[in-house]
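Data block for input03.cif (mmCIF, C-alpha atoms):
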data_upload
loop_
_atom_site.label_atom_id
_atom_site.label_comp_id
_atom_site.auth_asym_id
_atom_site.auth_seq_id
_atom_site.Cartn_x
_atom_site.Cartn_y
_atom_site.Cartn_z
CA MET A 19 23.29 -87.27 121.86
CA ASP A 20 22.80 -83.54 121.53
CA ARG A 21 25.16 -82.21 118.84
CA LYS A 22 26.30 -79.48 121.22
CA SER A 23 27.71 -82.18 123.53
CA ILE A 24 29.85 -83.71 120.77
CA ASP A 25 33.35 -82.28 121.00
CA SER A 26 35.02 -81.50 117.67
CA LYS A 27 38.33 -82.67 119.20
CA TRP A 28 37.04 -86.26 119.42
CA PRO A 29 38.02 -88.53 116.52
CA ASN A 30 35.69 -88.22 113.55
CA ALA A 31 34.87 -91.94 113.71
CA LEU A 32 33.25 -91.51 117.15
CA ARG A 33 31.55 -88.25 116.19
CA TRP A 34 30.20 -89.95 113.06
CA LEU A 35 28.32 -92.52 115.13
CA LEU A 36 27.15 -90.11 117.84
CA VAL A 37 25.83 -87.43 115.50
CA GLN A 38 23.57 -90.11 113.99
CA ASN A 39 22.34 -91.04 117.48
CA LEU A 40 23.75 -94.54 117.19
CA HIS A 41 24.02 -95.64 120.81
CA SER A 42 22.57 -99.13 121.18
CA PHE A 43 24.49 -102.07 119.78
CA VAL A 44 23.28 -104.73 122.21
CA PRO A 45 25.18 -105.83 124.21
CA TRP A 46 27.25 -102.62 123.71
CA HIS A 47 26.10 -99.10 124.51
CA LEU A 48 27.77 -95.90 123.29
CA MET A 49 27.74 -92.88 125.56
CA GLU A 50 24.85 -90.47 125.54
CA SER A 51 26.77 -87.81 127.46
CA PRO A 52 30.51 -87.10 127.75
CA GLU A 53 30.45 -87.70 131.53
CA GLU A 54 28.54 -91.00 131.42
CA PHE A 55 31.54 -93.29 131.87
CA GLN A 56 33.91 -91.11 133.91
CA PHE A 57 33.83 -93.67 136.72
CA ALA A 58 35.26 -96.29 134.34
CA ALA A 59 37.94 -93.88 133.10
CA LYS A 60 39.01 -93.29 136.71
CA ALA A 61 39.16 -97.04 137.34
CA PHE A 62 41.26 -97.51 134.20
CA GLU A 63 43.68 -94.79 135.27
CA ARG A 64 44.07 -96.44 138.69
CA GLU A 65 44.44 -99.99 137.37
CA ASP A 66 46.18 -99.89 133.98
CA ILE A 67 49.64 -101.43 134.33
CA ASN A 68 50.98 -98.99 131.71
CA ASN A 69 49.66 -95.90 133.58
CA ARG A 70 47.60 -94.62 130.67
CA LYS A 71 44.41 -92.57 130.56
CA VAL A 72 41.29 -93.02 128.43
CA PHE A 73 38.14 -91.19 127.46
CA VAL A 74 35.54 -93.95 127.85
CA PHE A 75 32.80 -93.93 125.21
CA ALA A 76 31.29 -97.44 125.38
CA SER A 77 30.25 -100.13 127.82
CA ARG A 78 29.03 -103.67 127.51
CA GLN A 79 25.75 -104.11 129.38
CA ASP A 80 26.23 -107.66 130.64
CA ASN A 81 29.63 -107.21 132.31
CA ASP A 82 32.13 -104.54 133.28
CA ASP A 83 33.79 -104.24 129.86
CA PHE A 84 34.45 -100.75 128.53
CA ALA A 85 36.09 -99.09 125.55
CA GLY A 86 37.95 -95.81 125.60
CA LEU A 87 40.06 -93.60 123.42
CA GLU A 88 43.59 -93.23 124.71
CA ILE A 89 44.59 -89.81 126.01
CA VAL A 90 48.19 -88.76 125.37
CA ASP A 91 49.46 -85.40 126.67
CA GLY A 92 45.86 -84.30 127.23
CA GLU A 93 44.81 -85.07 123.63
CA ILE A 94 42.29 -87.77 122.74
CA GLN A 95 43.79 -90.18 120.21
CA ASP A 96 42.13 -92.39 117.55
CA ASN A 97 43.13 -95.72 119.12
CA VAL A 98 40.63 -97.64 121.24
CA ILE A 99 41.49 -99.58 124.38
CA TYR A 100 39.00 -102.32 125.30
CA PHE A 101 39.32 -103.13 129.01
CA HIS A 102 37.79 -104.82 132.05
CA PRO A 103 38.59 -103.00 135.32
CA THR A 104 38.32 -104.57 138.75
CA PHE A 105 37.08 -101.32 140.34
CA SER A 106 39.50 -101.94 143.17
CA SER A 107 39.56 -99.03 145.59
CA SER A 108 43.07 -99.92 146.71
CA GLY A 109 44.72 -98.55 143.59
CA GLN A 110 46.58 -100.23 140.76
CA ASN A 111 46.19 -103.98 140.43
CA ASN A 112 49.61 -105.11 139.19
CA SER A 113 48.69 -108.78 139.19
CA TRP A 114 47.03 -108.71 135.77
CA ASN A 115 46.53 -106.52 132.73
CA ILE A 116 42.98 -105.12 132.55
CA VAL A 117 43.33 -104.44 128.79
CA ASN A 118 41.55 -107.07 126.68
CA GLU A 119 42.50 -105.68 123.29
CA GLU A 120 43.46 -102.53 121.42
CA PHE A 121 42.12 -101.27 118.09
CA VAL A 122 43.43 -98.63 115.67
CA ASP A 123 40.18 -96.64 115.74
CA VAL A 124 36.47 -96.67 116.62
CA PHE A 125 35.45 -98.28 113.33
CA GLU A 126 37.85 -101.19 113.84
CA PHE A 127 36.51 -101.62 117.40
CA VAL A 128 32.91 -101.61 116.17
CA SER A 129 33.57 -103.97 113.26
CA LYS A 130 35.78 -106.48 115.09
CA GLN A 131 34.35 -106.41 118.62
CA VAL A 132 30.91 -104.84 118.75
CA VAL A 133 29.49 -106.52 115.65
CA ASP A 134 30.86 -109.92 116.71
CA ASP A 135 29.29 -109.52 120.16
CA MET A 136 25.99 -108.45 118.58
CA LYS A 137 26.05 -111.54 116.37
CA ASP A 138 26.64 -113.78 119.39
CA TRP A 139 23.67 -112.24 121.18
CA ALA A 140 21.44 -112.47 118.10
CA ILE A 141 21.93 -116.23 118.08
CA SER A 142 20.31 -116.61 121.51
CA GLU A 143 18.25 -113.44 122.00
CA ASP A 144 15.11 -112.66 120.00
CA ALA A 145 14.97 -109.12 118.62
CA ASN A 146 11.46 -108.74 120.08
CA ASP A 147 13.02 -108.99 123.54
CA LEU A 148 15.24 -105.94 123.07
#
Any chance you could put this one into structure tokens?
Amino acid sequence: MDRKSIDSKWPNALRWLLVQNLHSFVPWHLMESPEEFQFAAKAFEREDINNRKVFVFASRQDNDDFAGLEIVDGEIQDNVIYFHPTFSSSGQNNSWNIVNEEFVDVFEFVSKQVVDDMKDWAISEDANDL
């Protein structure tokens, strides 16, 4: 990601990864532009049962899982919300919670979710196939 696109208001943990151009953590992918996952942020805002907002920075390539930083009063927070939206066009889906898990920050998300998912893939996927 171009350093000029990295907002100094984002948590340092996210900026730390992006400034080093760390984007591919198969099966996870970190954003390469701030607008990349706006569609998922809109789906989250429509579907979250707690009516929250997120700045989405990561997606899982094999399903519709995403991770975003919570936005409170227009400010991006450190905490990460890992979610699976339905992309329902009819608005909020009150029948189930789309949030899979929450993490205190980007590093906890990467260490507890991303690395575990990478390990699972490495068991069945040869690195030469990436």
>> Using all atoms listed in the file, which protein or nucleic acid residues come within 6 Å of Ser77 in chain A? Drop anything in the same chain fewer than 5 positions from it, and give the result as a PyMOL selection string.
In response: chain A and resi 46-47+83-84
> CA of Asp80 in chain A and CA of Asp96 in chain A are how many Å apart?
Replying inline: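 Between CA of Asp80 in chain A and CA of Asp96 in chain A the gap works out to 25.6 Å.
Interatomic distance, CA of Lys137 in chain A against CA of Asn118 in chain A: 19.1 Å.
CA of Val90 in chain A sits 16.6 Å away from CA of Val124 in chain A.
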> Which residue, A:Phe121, A:Ser23, A:Val44, A:Asn39, has the smallest gap to Ala85 in chain A when you use only C-alpha atoms?
Replying inline: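 Looking at the shortest contact to Ala85 in chain A, the residue is A:Phe121.
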> Could you pull the residues within 9 Å of Ile99 in chain A, counting only C-alpha atoms, minus those fewer than 5 positions along the same chain, as a ChimeraX atom specification?
Replying inline: /A:72,74,84-88,117-122,127
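Evaluated on this file, the PyMOL selection byres ((chain A and resi 58) around 10) matches Glu54, Phe55, Gln56, Phe57, Ala59, Lys60, Ala61, Phe62, Glu63, Arg64, Val72, Phe73, Val74, Phe75, Ala76, Ser77, Asp82, Asp83, Phe84, Ala85, Gly86, Phe101, His102, Pro103, Thr104 and Phe105 of chain A.
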>> Suppose a student applies the PyMOL selection byres ((chain A and resi 21) around 12) to this structure; what residues should they get, written as a list of chain:residue names?
In response: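 Taken on the displayed file, the PyMOL selection byres ((chain A and resi 21) around 12) yields the residues A:Met19, A:Asp20, A:Lys22, A:Ser23, A:Ile24, A:Asp25, A:Ser26, A:Arg33, A:Trp34, A:Leu35, A:Leu36, A:Val37, A:Gln38, A:Asn39, A:Glu50, A:Ser51, A:Pro52.
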> Can you tell me, as a count of residues only, what residues are no more than 10 Å from Met136 in chain A when counting all atoms listed in the file, ignoring any on the same chain fewer than 5 positions away?
Replying inline: 7
> Of the residues A:Asn68, A:Val132, A:Gln79, A:Ala31, which is the one nearest to Tyr100 in chain A, using all atoms listed in the file?
Replying inline: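 Of A:Asn68, A:Val132, A:Gln79, A:Ala31, the one nearest Tyr100 in chain A, counting all atoms listed in the file, is A:Val132.
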>> When you look at Ile89 in chain A with a cut-off of 6 Å (counting only C-alpha atoms), what residues show up, excluding the ones that are within fewer than 2 positions of it in the same chain? I need them as a ChimeraX atom specification.
In response: /A:71-72,92-95
> Of the candidates A:Asp66, A:Asn115, A:Asp123, A:Trp139, which shows the shortest atom-to-atom distance to Arg78 in chain A, using all atoms listed in the file?
Replying inline: A:Trp139
>> Let me make sure I understand: among A:Asp147, A:Ile116, A:Val133, A:Phe125, which one has the smallest atom-to-atom distance to Asn97 in chain A if we use only C-alpha atoms?
In response: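 Result for the nearest residue to Asn97 in chain A: A:Phe125.
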